[in-house]
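Asks: First the structure, which I've put down as structure tokens, then a few questions once you've had a look.
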Amino acid sequence: MAERENDNGTSSTDFVLLGIRDVPILQNLLFLLLLMICSVTMVGNILIVVLVVADRHLHTPMYFFLGNLSSLETCYSSTILPRLLASFLTGDNSISAHGCMAQFYFFASFATTECYLLAAMSYDRYLAICQPLLYASLVTWKVSLQLAAASWLGSSLLLMAVTVFLSQLEFCGPKSIDHFLCDFIPLLELACSDTRAVTIVSFIFGILDVVFPFLFTLASYVCIIAAILRIPSSISRQKAFSTCSSHLTLITIFYGTLILVYMLPRRAPLRQLNKVFSFFYTILTPLVNPLIYSLRNREIKEALRKMIRKALAGTQSSCYLGETGSRHF
């Protein structure tokens, strides 16, 4: 079917993301802020992955999951930030129907993977603190690989089904999405066909990919905190809590903003507030991950120091050899 062109040059099948353009005077400032967030997020998370791979002291299940989480945050940010930055530069807010569905699929799939990975990490911390004698036999490399693979693969399959149902809907009227990304609820609001089937499917899958991992994570940390409080020595309690404090902080930020985004009614007065919470959940959470683990985790900081020392030593050695060679010549 031929595509009609609208007055603004966009195709009749395109969506328009209204984004965060309600304050035009701040557009340049927002662009610079997003560019800085994108750079720090990418560099920070990639650095954690490099450290986990390169430092043999970090070759443990806990840091294996952290490496997966940092890889995920890198992919997660890549589905949102580059397109958002491009829209600031070009002023083009349109996105094709296929592009919108692809963005929704990858964004929702990575968000679901994060729910499962956080649950796997909480299980790892539960066994390390509550069952320390059995930890080595229960959390083997095989189990860690299976949990990580199930997190990535399971979320991909679940969201593929939801995306297929969503793509079958008919969208009519002004296809203006009052958001800065193609999310499920804003898309559903634009549908003019029967949405009952996709609503039921998304509700069932929402229980599987958000509610279940959240309850599992919550139960794990209830057991962890109860076990820590039973430790008689305050120094031992502090040491035990320090092993999971970074992860607990990340969980609180991620699920706190996630619950606010999807539980807050999308009435007109609250839509801007919903965008603010969505900004925290989709853009700032991937930024917070490397900051929390680099500032609060002793092993990561030590691995980073060793990498910097090696890099400096290699640079000094190269300079010395270069000077020696030039003198000899």
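Following the order of the structure tokens, chains are lettered A, B, ..., residues in each are numbered from 1, and ligands are numbered from 1.
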Which residues, written as an MDAnalysis selection string, have at least one atom at most 12 Å from Met36 in chain A, with only C-alpha atoms counted and residues fewer than 6 positions away on the same chain left out?

Replies: chainID A and resid 29:30 42:44 81:82 85 283:284 287

Asks: Those residues you just picked out, can you put them in a file as a PDB file, in the first residue's frame with N, CA and C atoms?

Replies:
```
ATOM      1  N   LEU A  29      20.497  22.793  26.431  1.00  0.00           N
ATOM      2  CA  LEU A  29      20.972  22.277  27.718  1.00  0.00           C
ATOM      3  C   LEU A  29      20.628  20.797  27.869  1.00  0.00           C
ATOM      4  N   LEU A  30      19.425  20.421  27.450  1.00  0.00           N
ATOM      5  CA  LEU A  30      19.010  19.015  27.521  1.00  0.00           C
ATOM      6  C   LEU A  30      19.857  18.147  26.606  1.00  0.00           C
ATOM      7  N   MET A  42      27.943   4.714  28.612  1.00  0.00           N
ATOM      8  CA  MET A  42      28.631   3.766  27.731  1.00  0.00           C
ATOM      9  C   MET A  42      30.040   3.445  28.243  1.00  0.00           C
ATOM     10  N   VAL A  43      30.806   4.487  28.556  1.00  0.00           N
ATOM     11  CA  VAL A  43      32.189   4.282  29.004  1.00  0.00           C
ATOM     12  C   VAL A  43      32.211   3.519  30.323  1.00  0.00           C
ATOM     13  N   GLY A  44      31.347   3.913  31.267  1.00  0.00           N
ATOM     14  CA  GLY A  44      31.336   3.278  32.586  1.00  0.00           C
ATOM     15  C   GLY A  44      30.981   1.809  32.529  1.00  0.00           C
ATOM     16  N   LEU A  81      18.919   6.439  23.756  1.00  0.00           N
ATOM     17  CA  LEU A  81      19.670   7.703  23.730  1.00  0.00           C
ATOM     18  C   LEU A  81      20.120   8.161  22.342  1.00  0.00           C
ATOM     19  N   PRO A  82      20.689   7.299  21.482  1.00  0.00           N
ATOM     20  CA  PRO A  82      21.127   7.795  20.166  1.00  0.00           C
ATOM     21  C   PRO A  82      19.988   8.420  19.362  1.00  0.00           C
ATOM     22  N   LEU A  85      19.026  11.797  20.949  1.00  0.00           N
ATOM     23  CA  LEU A  85      20.017  12.821  20.621  1.00  0.00           C
ATOM     24  C   LEU A  85      19.880  13.278  19.170  1.00  0.00           C
ATOM     25  N   ILE A 283      16.885   6.153  31.506  1.00  0.00           N
ATOM     26  CA  ILE A 283      18.125   6.825  31.134  1.00  0.00           C
ATOM     27  C   ILE A 283      19.111   6.934  32.289  1.00  0.00           C
ATOM     28  N   LEU A 284      18.614   7.254  33.488  1.00  0.00           N
ATOM     29  CA  LEU A 284      19.528   7.442  34.611  1.00  0.00           C
ATOM     30  C   LEU A 284      19.931   6.138  35.295  1.00  0.00           C
ATOM     31  N   LEU A 287      23.053   4.737  33.982  1.00  0.00           N
ATOM     32  CA  LEU A 287      24.172   5.590  34.394  1.00  0.00           C
ATOM     33  C   LEU A 287      24.584   5.293  35.833  1.00  0.00           C
TER      34      LEU A 287
END
```

Asks: According to DSSP computed on the backbone, where in range 37-257 of chain A is there strand (DSSP E)? Give the residues as an MDAnalysis selection string.

Replies: chainID A and resid 94:95 176:177

Asks: Considering only C-alpha atoms, return as a list of chain:residue names whatever protein or nucleic-acid residues lie within 6 Å of range 166-179 of chain A, sequence-local ones (same chain, fewer than 4 positions apart) excluded.

Replies: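 Residues near the query, excluding close chain neighbours: A:Phe15, A:Val16, A:Leu17, A:Leu18, A:Gly19, A:Leu190, A:Ala191, A:Cys192, A:Ser193.
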
Asks: Quick one: of A:Phe64, A:Tyr221, A:Phe31, A:Trp152, who's nearest to Thr249 in chain A, counting only C-alpha atoms?

Replies: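 When distances to Thr249 in chain A are compared using only C-alpha atoms, the smallest one comes from A:Tyr221.
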
Asks: Residues at most 12 Å from Val139 in chain A, counting only C-alpha atoms, excluding those fewer than 3 positions away in the same chain, as a PyMOL selection string?

Replies: chain A and resi 60-62+64-65+120-121+123-128+131-136+142-147

Asks: Store the residues picked out above in a file with C-alpha atoms, as a compact mmCIF listing (two decimals), in the first residue's frame.

Replies:
```
# COMPACT_ATOMS: atom_id res chain seq x y z
CA THR A 60 33.44 -15.16 40.26
CA PRO A 61 29.69 -15.68 39.77
CA MET A 62 28.90 -12.33 41.44
CA PHE A 64 29.97 -12.55 36.07
CA PHE A 65 26.40 -11.34 36.70
CA ALA A 120 19.66 -14.00 39.72
CA MET A 121 22.08 -11.64 41.49
CA TYR A 123 19.81 -15.40 44.58
CA ASP A 124 23.61 -15.38 44.36
CA ARG A 125 23.85 -12.99 47.35
CA TYR A 126 21.27 -15.04 49.31
CA LEU A 127 23.32 -18.22 48.96
CA ALA A 128 26.60 -16.41 49.71
CA GLN A 131 24.21 -20.70 52.85
CA PRO A 132 27.97 -19.94 52.75
CA LEU A 133 29.05 -23.58 53.14
CA LEU A 134 26.93 -24.68 50.17
CA TYR A 135 27.62 -21.64 48.00
CA ALA A 136 30.54 -23.06 46.00
CA LYS A 142 27.42 -23.90 34.77
CA VAL A 143 24.55 -22.64 36.95
CA SER A 144 25.66 -19.02 36.47
CA LEU A 145 25.75 -19.44 32.68
CA GLN A 146 22.32 -21.10 32.69
CA LEU A 147 20.77 -18.31 34.79
```

Asks: Would you mind listing, for every residue of range 17-134 of chain A within 12 Å of range 253-256 of chain A, the two atoms forming the shortest contact and the distance between them in Å to one decimal, using only C-alpha atoms, sorted by chain and ascending residue number, as a Markdown table?

Replies:
```
| residue | atom | partner | partner_atom | distance |
| --- | --- | --- | --- | --- |
| A:Glu73 | CA | A:Phe254 | CA | 11.8 |
| A:Ala111 | CA | A:Phe254 | CA | 9.7 |
| A:Thr112 | CA | A:Tyr255 | CA | 11.5 |
| A:Glu114 | CA | A:Phe254 | CA | 9.2 |
| A:Cys115 | CA | A:Tyr255 | CA | 8.6 |
| A:Leu118 | CA | A:Phe254 | CA | 9.7 |
| A:Ala119 | CA | A:Tyr255 | CA | 11.6 |
```

Asks: Take the residues just selected and output them with C-alpha atoms as a CSV table (one decimal), in the first residue's frame.

Replies:
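Output saved as result-v5.csv:
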```csv
chain,number,residue,atom,x,y,z
A,73,GLU,CA,22.8,-1.4,30.4
A,111,ALA,CA,14.2,-4.1,30.8
A,112,THR,CA,12.8,-7.6,31.3
A,114,GLU,CA,17.3,-6.7,33.9
A,115,CYS,CA,14.5,-7.9,36.1
A,118,LEU,CA,18.7,-8.7,39.3
A,119,ALA,CA,16.7,-11.7,40.6
```

Asks: With a distance cut-off of 12 Å and only C-alpha atoms, select the neighbouring residues of Glu302 in chain A, excluding the residue or stretch itself and same-chain residues fewer than 4 positions from it, and output the selection as a PDB file with N, CA and C atoms, in the first residue's frame.

Replies:
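Heads up, here's the output in around-v8.pdb:
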```pdb
ATOM      1  N   LEU A  51      36.930  -4.789  32.933  1.00  0.00           N
ATOM      2  CA  LEU A  51      37.558  -5.137  34.208  1.00  0.00           C
ATOM      3  C   LEU A  51      37.201  -6.564  34.618  1.00  0.00           C
ATOM      4  N   VAL A  52      35.935  -6.930  34.482  1.00  0.00           N
ATOM      5  CA  VAL A  52      35.492  -8.277  34.870  1.00  0.00           C
ATOM      6  C   VAL A  52      36.165  -9.337  34.011  1.00  0.00           C
ATOM      7  N   ASP A  55      40.478  -8.985  34.799  1.00  0.00           N
ATOM      8  CA  ASP A  55      41.031  -9.237  36.132  1.00  0.00           C
ATOM      9  C   ASP A  55      40.579 -10.609  36.635  1.00  0.00           C
ATOM     10  N   HIS A  57      40.821 -11.880  39.497  1.00  0.00           N
ATOM     11  CA  HIS A  57      40.212 -11.842  40.830  1.00  0.00           C
ATOM     12  C   HIS A  57      38.705 -11.584  40.763  1.00  0.00           C
ATOM     13  N   LEU A  58      38.233 -11.112  39.607  1.00  0.00           N
ATOM     14  CA  LEU A  58      36.801 -10.840  39.425  1.00  0.00           C
ATOM     15  C   LEU A  58      36.102 -11.981  38.680  1.00  0.00           C
ATOM     16  N   TYR A 293      28.798   0.824  41.509  1.00  0.00           N
ATOM     17  CA  TYR A 293      29.776  -0.257  41.659  1.00  0.00           C
ATOM     18  C   TYR A 293      31.214   0.240  41.669  1.00  0.00           C
ATOM     19  N   SER A 294      31.476   1.389  41.049  1.00  0.00           N
ATOM     20  CA  SER A 294      32.847   1.908  41.073  1.00  0.00           C
ATOM     21  C   SER A 294      33.144   2.656  42.367  1.00  0.00           C
ATOM     22  N   LEU A 295      32.121   3.286  42.946  1.00  0.00           N
ATOM     23  CA  LEU A 295      32.340   4.075  44.156  1.00  0.00           C
ATOM     24  C   LEU A 295      32.221   3.247  45.434  1.00  0.00           C
ATOM     25  N   ARG A 296      31.418   2.171  45.394  1.00  0.00           N
ATOM     26  CA  ARG A 296      31.121   1.450  46.618  1.00  0.00           C
ATOM     27  C   ARG A 296      31.711   0.041  46.663  1.00  0.00           C
ATOM     28  N   ASN A 297      32.303  -0.410  45.586  1.00  0.00           N
ATOM     29  CA  ASN A 297      32.798  -1.777  45.546  1.00  0.00           C
ATOM     30  C   ASN A 297      34.327  -1.788  45.574  1.00  0.00           C
ATOM     31  N   ARG A 298      34.892  -2.368  46.619  1.00  0.00           N
ATOM     32  CA  ARG A 298      36.347  -2.351  46.819  1.00  0.00           C
ATOM     33  C   ARG A 298      37.074  -3.124  45.736  1.00  0.00           C
ATOM     34  N   LYS A 306      44.680  -1.239  39.360  1.00  0.00           N
ATOM     35  CA  LYS A 306      45.692  -2.100  38.734  1.00  0.00           C
ATOM     36  C   LYS A 306      45.754  -1.863  37.227  1.00  0.00           C
ATOM     37  N   MET A 307      44.596  -1.683  36.604  1.00  0.00           N
ATOM     38  CA  MET A 307      44.568  -1.437  35.160  1.00  0.00           C
ATOM     39  C   MET A 307      45.235  -0.107  34.829  1.00  0.00           C
ATOM     40  N   ILE A 308      44.971   0.914  35.656  1.00  0.00           N
ATOM     41  CA  ILE A 308      45.584   2.225  35.417  1.00  0.00           C
ATOM     42  C   ILE A 308      47.093   2.145  35.610  1.00  0.00           C
ATOM     43  N   ARG A 309      47.532   1.428  36.676  1.00  0.00           N
ATOM     44  CA  ARG A 309      48.969   1.275  36.918  1.00  0.00           C
ATOM     45  C   ARG A 309      49.660   0.568  35.756  1.00  0.00           C
TER      46      ARG A 309
END
```

Asks: Would you pick out the contacts of Leu159 in chain A at 8 Å or less, using only C-alpha atoms, so that residues sharing its chain but fewer than 3 positions from it are not included, and give the list as a VMD selection string?

Replies: chain A and resid 105 108 to 109 155 to 156 162 to 163

Asks: Just C-alpha atoms for this one: save the residues we selected as a PDB file, in the first residue's frame.

Replies:
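The file below, selection-v2.pdb, is the result:
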```
ATOM      1  CA  TYR A 105      10.754  -4.693  21.511  1.00  0.00           C
ATOM      2  CA  ALA A 108      11.084  -3.826  26.822  1.00  0.00           C
ATOM      3  CA  SER A 109      13.189  -6.950  26.250  1.00  0.00           C
ATOM      4  CA  SER A 155      12.818 -12.065  28.046  1.00  0.00           C
ATOM      5  CA  SER A 156      13.463 -12.016  24.277  1.00  0.00           C
ATOM      6  CA  VAL A 162       3.800  -9.084  23.054  1.00  0.00           C
ATOM      7  CA  THR A 163       5.331  -7.130  20.143  1.00  0.00           C
TER       8      THR A 163
END
```

Asks: Under the rule that only C-alpha atoms are counted, which of A:Ala86, A:Ala148, A:Leu66, A:Ile185 is the nearest residue to Met263 in chain A?

Replies: A:Ile185

Asks: Please list as a count of residues only every residue within 9 Å of Leu260 in chain A, counting only C-alpha atoms and excluding residues in the same chain fewer than 5 positions away.

Replies: 4

Asks: Between CA of Phe180 in chain A and CA of Leu215 in chain A, measure the distance and give it in Å to one decimal.

Replies: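 Those two atoms sit 29.3 Å apart.
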
Asks: Could you jot down the CA of Phe165 in chain A to CA of Val198 in chain A separation for me, Å, one decimal place?

Replies: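 If I compute the distance from CA of Phe165 in chain A to CA of Val198 in chain A, I get 5.6 Å.
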
Asks: Taking only C-alpha atoms into account, which of A:Leu138, A:Ile37, A:Ile292, A:Ala219 comes nearest Ser78 in chain A?

Replies: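 Smallest distance to Ser78 in chain A is found for A:Ile37.
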
Asks: Please, which residues of range 136-216 of chain A, numbered as in this document, come out alpha helix (DSSP H) from DSSP, as a PyMOL selection string?

Replies: chain A and resi 136-138+141-167+184-190+196-206+212-216

Asks: Restrict the selected residues to N, CA and C atoms and save them as a compact mmCIF listing (two decimals), in the first residue's frame.

Replies:
```
# COMPACT_ATOMS: atom_id res chain seq x y z
N ALA A 136 29.65 -22.62 47.08
CA ALA A 136 30.54 -23.06 46.00
C ALA A 136 29.97 -24.23 45.21
N SER A 137 29.23 -25.11 45.89
CA SER A 137 28.66 -26.28 45.19
C SER A 137 27.36 -25.94 44.46
N LEU A 138 26.63 -24.92 44.95
CA LEU A 138 25.35 -24.57 44.34
C LEU A 138 25.50 -23.56 43.20
N TRP A 141 29.91 -22.38 37.78
CA TRP A 141 29.92 -21.63 36.53
C TRP A 141 28.81 -22.09 35.59
N LYS A 142 28.50 -23.38 35.62
CA LYS A 142 27.42 -23.90 34.77
C LYS A 142 26.08 -23.29 35.16
N VAL A 143 25.81 -23.24 36.47
CA VAL A 143 24.55 -22.64 36.95
C VAL A 143 24.50 -21.16 36.60
N SER A 144 25.61 -20.46 36.78
CA SER A 144 25.66 -19.02 36.47
C SER A 144 25.37 -18.77 34.99
N LEU A 145 25.98 -19.58 34.12
CA LEU A 145 25.75 -19.44 32.68
C LEU A 145 24.30 -19.73 32.33
N GLN A 146 23.71 -20.75 32.96
CA GLN A 146 22.32 -21.10 32.69
C GLN A 146 21.37 -19.98 33.13
N LEU A 147 21.63 -19.40 34.30
CA LEU A 147 20.77 -18.31 34.79
C LEU A 147 20.87 -17.08 33.89
N ALA A 148 22.09 -16.74 33.47
CA ALA A 148 22.27 -15.58 32.59
C ALA A 148 21.63 -15.82 31.22
N ALA A 149 21.84 -17.01 30.66
CA ALA A 149 21.26 -17.33 29.35
C ALA A 149 19.74 -17.32 29.40
N ALA A 150 19.17 -17.89 30.49
CA ALA A 150 17.72 -17.91 30.65
C ALA A 150 17.16 -16.49 30.77
N SER A 151 17.89 -15.59 31.43
CA SER A 151 17.45 -14.20 31.57
C SER A 151 17.37 -13.51 30.22
N TRP A 152 18.42 -13.67 29.40
CA TRP A 152 18.44 -13.02 28.08
C TRP A 152 17.43 -13.65 27.13
N LEU A 153 17.43 -14.98 27.07
CA LEU A 153 16.59 -15.68 26.10
C LEU A 153 15.11 -15.61 26.48
N GLY A 154 14.80 -15.83 27.77
CA GLY A 154 13.41 -15.82 28.21
C GLY A 154 12.74 -14.49 27.95
N SER A 155 13.41 -13.39 28.27
CA SER A 155 12.82 -12.06 28.05
C SER A 155 12.63 -11.78 26.55
N SER A 156 13.58 -12.22 25.73
CA SER A 156 13.46 -12.02 24.28
C SER A 156 12.23 -12.71 23.72
N LEU A 157 11.99 -13.94 24.15
CA LEU A 157 10.84 -14.69 23.64
C LEU A 157 9.52 -14.11 24.13
N LEU A 158 9.46 -13.75 25.41
CA LEU A 158 8.23 -13.18 25.97
C LEU A 158 7.86 -11.88 25.27
N LEU A 159 8.83 -11.01 25.09
CA LEU A 159 8.53 -9.72 24.47
C LEU A 159 8.28 -9.83 22.98
N MET A 160 8.80 -10.89 22.34
CA MET A 160 8.50 -11.10 20.94
C MET A 160 7.00 -11.35 20.75
N ALA A 161 6.42 -12.14 21.64
CA ALA A 161 4.98 -12.42 21.58
C ALA A 161 4.16 -11.14 21.79
N VAL A 162 4.52 -10.34 22.79
CA VAL A 162 3.80 -9.08 23.05
C VAL A 162 3.91 -8.13 21.87
N THR A 163 5.11 -8.03 21.28
CA THR A 163 5.33 -7.13 20.14
C THR A 163 4.52 -7.56 18.93
N VAL A 164 4.42 -8.86 18.70
CA VAL A 164 3.62 -9.36 17.57
C VAL A 164 2.16 -8.97 17.75
N PHE A 165 1.60 -9.16 18.95
CA PHE A 165 0.22 -8.77 19.22
C PHE A 165 0.04 -7.26 19.05
N LEU A 166 1.00 -6.48 19.55
CA LEU A 166 0.89 -5.02 19.48
C LEU A 166 0.95 -4.54 18.03
N SER A 167 1.78 -5.17 17.22
CA SER A 167 1.93 -4.74 15.82
C SER A 167 0.70 -5.04 14.98
N PHE A 184 4.69 0.80 25.77
CA PHE A 184 3.48 0.02 25.57
C PHE A 184 2.20 0.84 25.78
N ILE A 185 2.08 1.50 26.92
CA ILE A 185 0.83 2.20 27.24
C ILE A 185 0.57 3.38 26.30
N PRO A 186 1.55 4.24 25.99
CA PRO A 186 1.29 5.30 25.02
C PRO A 186 0.87 4.77 23.65
N LEU A 187 1.43 3.64 23.22
CA LEU A 187 1.01 3.05 21.94
C LEU A 187 -0.41 2.52 22.02
N LEU A 188 -0.73 1.88 23.14
CA LEU A 188 -2.08 1.33 23.32
C LEU A 188 -3.13 2.44 23.29
N GLU A 189 -2.80 3.63 23.78
CA GLU A 189 -3.73 4.76 23.80
C GLU A 189 -4.07 5.24 22.39
N LEU A 190 -3.20 4.97 21.43
CA LEU A 190 -3.43 5.42 20.05
C LEU A 190 -4.19 4.39 19.21
N ARG A 196 -8.24 -5.83 23.63
CA ARG A 196 -8.41 -6.76 24.75
C ARG A 196 -7.38 -7.89 24.72
N ALA A 197 -7.13 -8.45 23.53
CA ALA A 197 -6.21 -9.59 23.44
C ALA A 197 -4.79 -9.19 23.86
N VAL A 198 -4.29 -8.06 23.32
CA VAL A 198 -2.93 -7.64 23.66
C VAL A 198 -2.84 -7.21 25.13
N THR A 199 -3.92 -6.67 25.68
CA THR A 199 -3.93 -6.28 27.08
C THR A 199 -3.83 -7.50 27.99
N ILE A 200 -4.58 -8.55 27.65
CA ILE A 200 -4.55 -9.79 28.46
C ILE A 200 -3.17 -10.45 28.37
N VAL A 201 -2.63 -10.53 27.14
CA VAL A 201 -1.31 -11.13 26.95
C VAL A 201 -0.25 -10.36 27.72
N SER A 202 -0.29 -9.04 27.62
CA SER A 202 0.72 -8.23 28.32
C SER A 202 0.57 -8.32 29.83
N PHE A 203 -0.67 -8.47 30.32
CA PHE A 203 -0.89 -8.61 31.77
C PHE A 203 -0.29 -9.93 32.27
N ILE A 204 -0.54 -11.01 31.53
CA ILE A 204 0.00 -12.32 31.93
C ILE A 204 1.53 -12.31 31.89
N PHE A 205 2.08 -11.77 30.80
CA PHE A 205 3.53 -11.73 30.67
C PHE A 205 4.15 -10.74 31.66
N GLY A 206 3.40 -9.68 32.00
CA GLY A 206 3.88 -8.73 33.00
C GLY A 206 4.09 -9.39 34.36
N PHE A 212 6.94 -11.52 39.14
CA PHE A 212 7.61 -12.70 39.71
C PHE A 212 9.07 -12.42 40.06
N PRO A 213 9.88 -11.84 39.14
CA PRO A 213 11.27 -11.53 39.54
C PRO A 213 11.35 -10.55 40.72
N PHE A 214 10.42 -9.58 40.76
CA PHE A 214 10.43 -8.61 41.86
C PHE A 214 10.15 -9.29 43.19
N LEU A 215 9.13 -10.16 43.23
CA LEU A 215 8.79 -10.86 44.47
C LEU A 215 9.93 -11.80 44.89
N PHE A 216 10.55 -12.46 43.92
CA PHE A 216 11.68 -13.35 44.21
C PHE A 216 12.85 -12.54 44.80
```

Asks: Any idea what the distance is between CA of Lys301 in chain A and CA of Val50 in chain A?

Replies: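 Calculated distance between CA of Lys301 in chain A and CA of Val50 in chain A is 13.1 Å.
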
Asks: Could you check the closest approach to Ser96 in chain A for each of A:Cys182, A:Ala54, A:Ile207, A:Val288 and tell me which residue wins, using only C-alpha atoms?

Replies: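 Among the listed residues, A:Cys182 lies closest to Ser96 in chain A.
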